[in-house]
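Notes follow the structure.
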Amino acid sequence: MSQIPLGPVSQRISCPHCRAEVSTRVEGESNTKTHLFALLLCLLGCWPCAPCPYCMDSCLVKKHYCPSCNNFIGQHEN
Ligand SMILES: [Zn+2]
């Protein structure tokens, strides 16, 4: 399966689902790495900082969606 190269910001592509020329809608979502990082902060006694990874852009996966058909297009991981 060919993957569309996607960056961390919205990109102009032609949607593989509805074939429209769109600027992708980007949503930051937490992944396993984010949870592990939060767990690590807890283990280190930095539990007040544990929610930080969820607010840090670099710890989140950027998921691109089509604003026209709302289908998932691809994602960018740091
Ligand atoms: Zn679409």
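Ordering of the structure tokens sets the chain letters (A, B, ...), residue numbers begin anew at 1 in every chain, and ligands are numbered from 1 in the order given.
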
Env. residues ligand 1 / 7 Å / only C-alpha atoms and all ligand atoms / as a short mmCIF file (atom, residue, chain, number, x, y, z; two decimals) with C-alpha atoms, in the first residue's frame:
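Result file is pocket.cif:
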data_model
loop_
_atom_site.label_atom_id
_atom_site.label_comp_id
_atom_site.auth_asym_id
_atom_site.auth_seq_id
_atom_site.Cartn_x
_atom_site.Cartn_y
_atom_site.Cartn_z
CA CYS A 15 -8.11 12.63 -1.27
CA PRO A 16 -7.70 8.91 -2.11
CA HIS A 17 -11.25 8.29 -0.94
CA CYS A 18 -13.36 10.96 -2.63
CA ARG A 19 -10.68 12.26 -5.05
CA ALA A 20 -11.34 15.87 -4.10
CA CYS A 66 -10.31 14.61 4.61
CA PRO A 67 -12.55 17.61 5.41
CA SER A 68 -14.83 16.63 2.56
CA CYS A 69 -15.56 12.93 3.23
CA ASN A 70 -14.09 12.74 6.77
CA ASN A 71 -12.02 9.67 5.94
#

Based on DSSP run over this structure's backbone, return all residues of chain A in alpha helix (DSSP H), as an NGL selection string.
:A and (32-43 or 52-55)

Any chance you could list, as number ranges by chain, the residues in chain A that come up strand (DSSP E or B) when DSSP is run on the backbone?
A: 12-14, 21-23, 25-30, 60-65, 72-76

Exercise: Tyr65 in chain A partners within 8 Å, only C-alpha atoms, chain neighbours under 3 positions left out, as number ranges by chain:
A: 24-27, 70-74

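Distance-wise, CA of Gln75 in chain A and CA of Leu40 in chain A end up 24.8 Å apart.
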
Any idea what's packed within 12 Å of Leu39 in chain A, counting only C-alpha atoms, ignoring anything in its chain fewer than 5 positions away? Could you give it as a ChimeraX atom specification?
/A:32-34,44-54

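One finds CA of Gly7 in chain A at 12.4 Å from CA of Ser58 in chain A.
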
Just the number, please: distance in Å from CA of His35 in chain A to CA of His64 in chain A, one decimal.
20.9 Å

Taking into account only C-alpha atoms, which residue in the set A:Arg12, A:Leu43, A:Pro5, A:Ala38 is nearest to His76 in chain A?
A:Pro5

For Leu6 in chain A, which of A:Met56, A:Val61, A:Cys42, A:Leu36 is the closest residue, counting only C-alpha atoms?
A:Val61
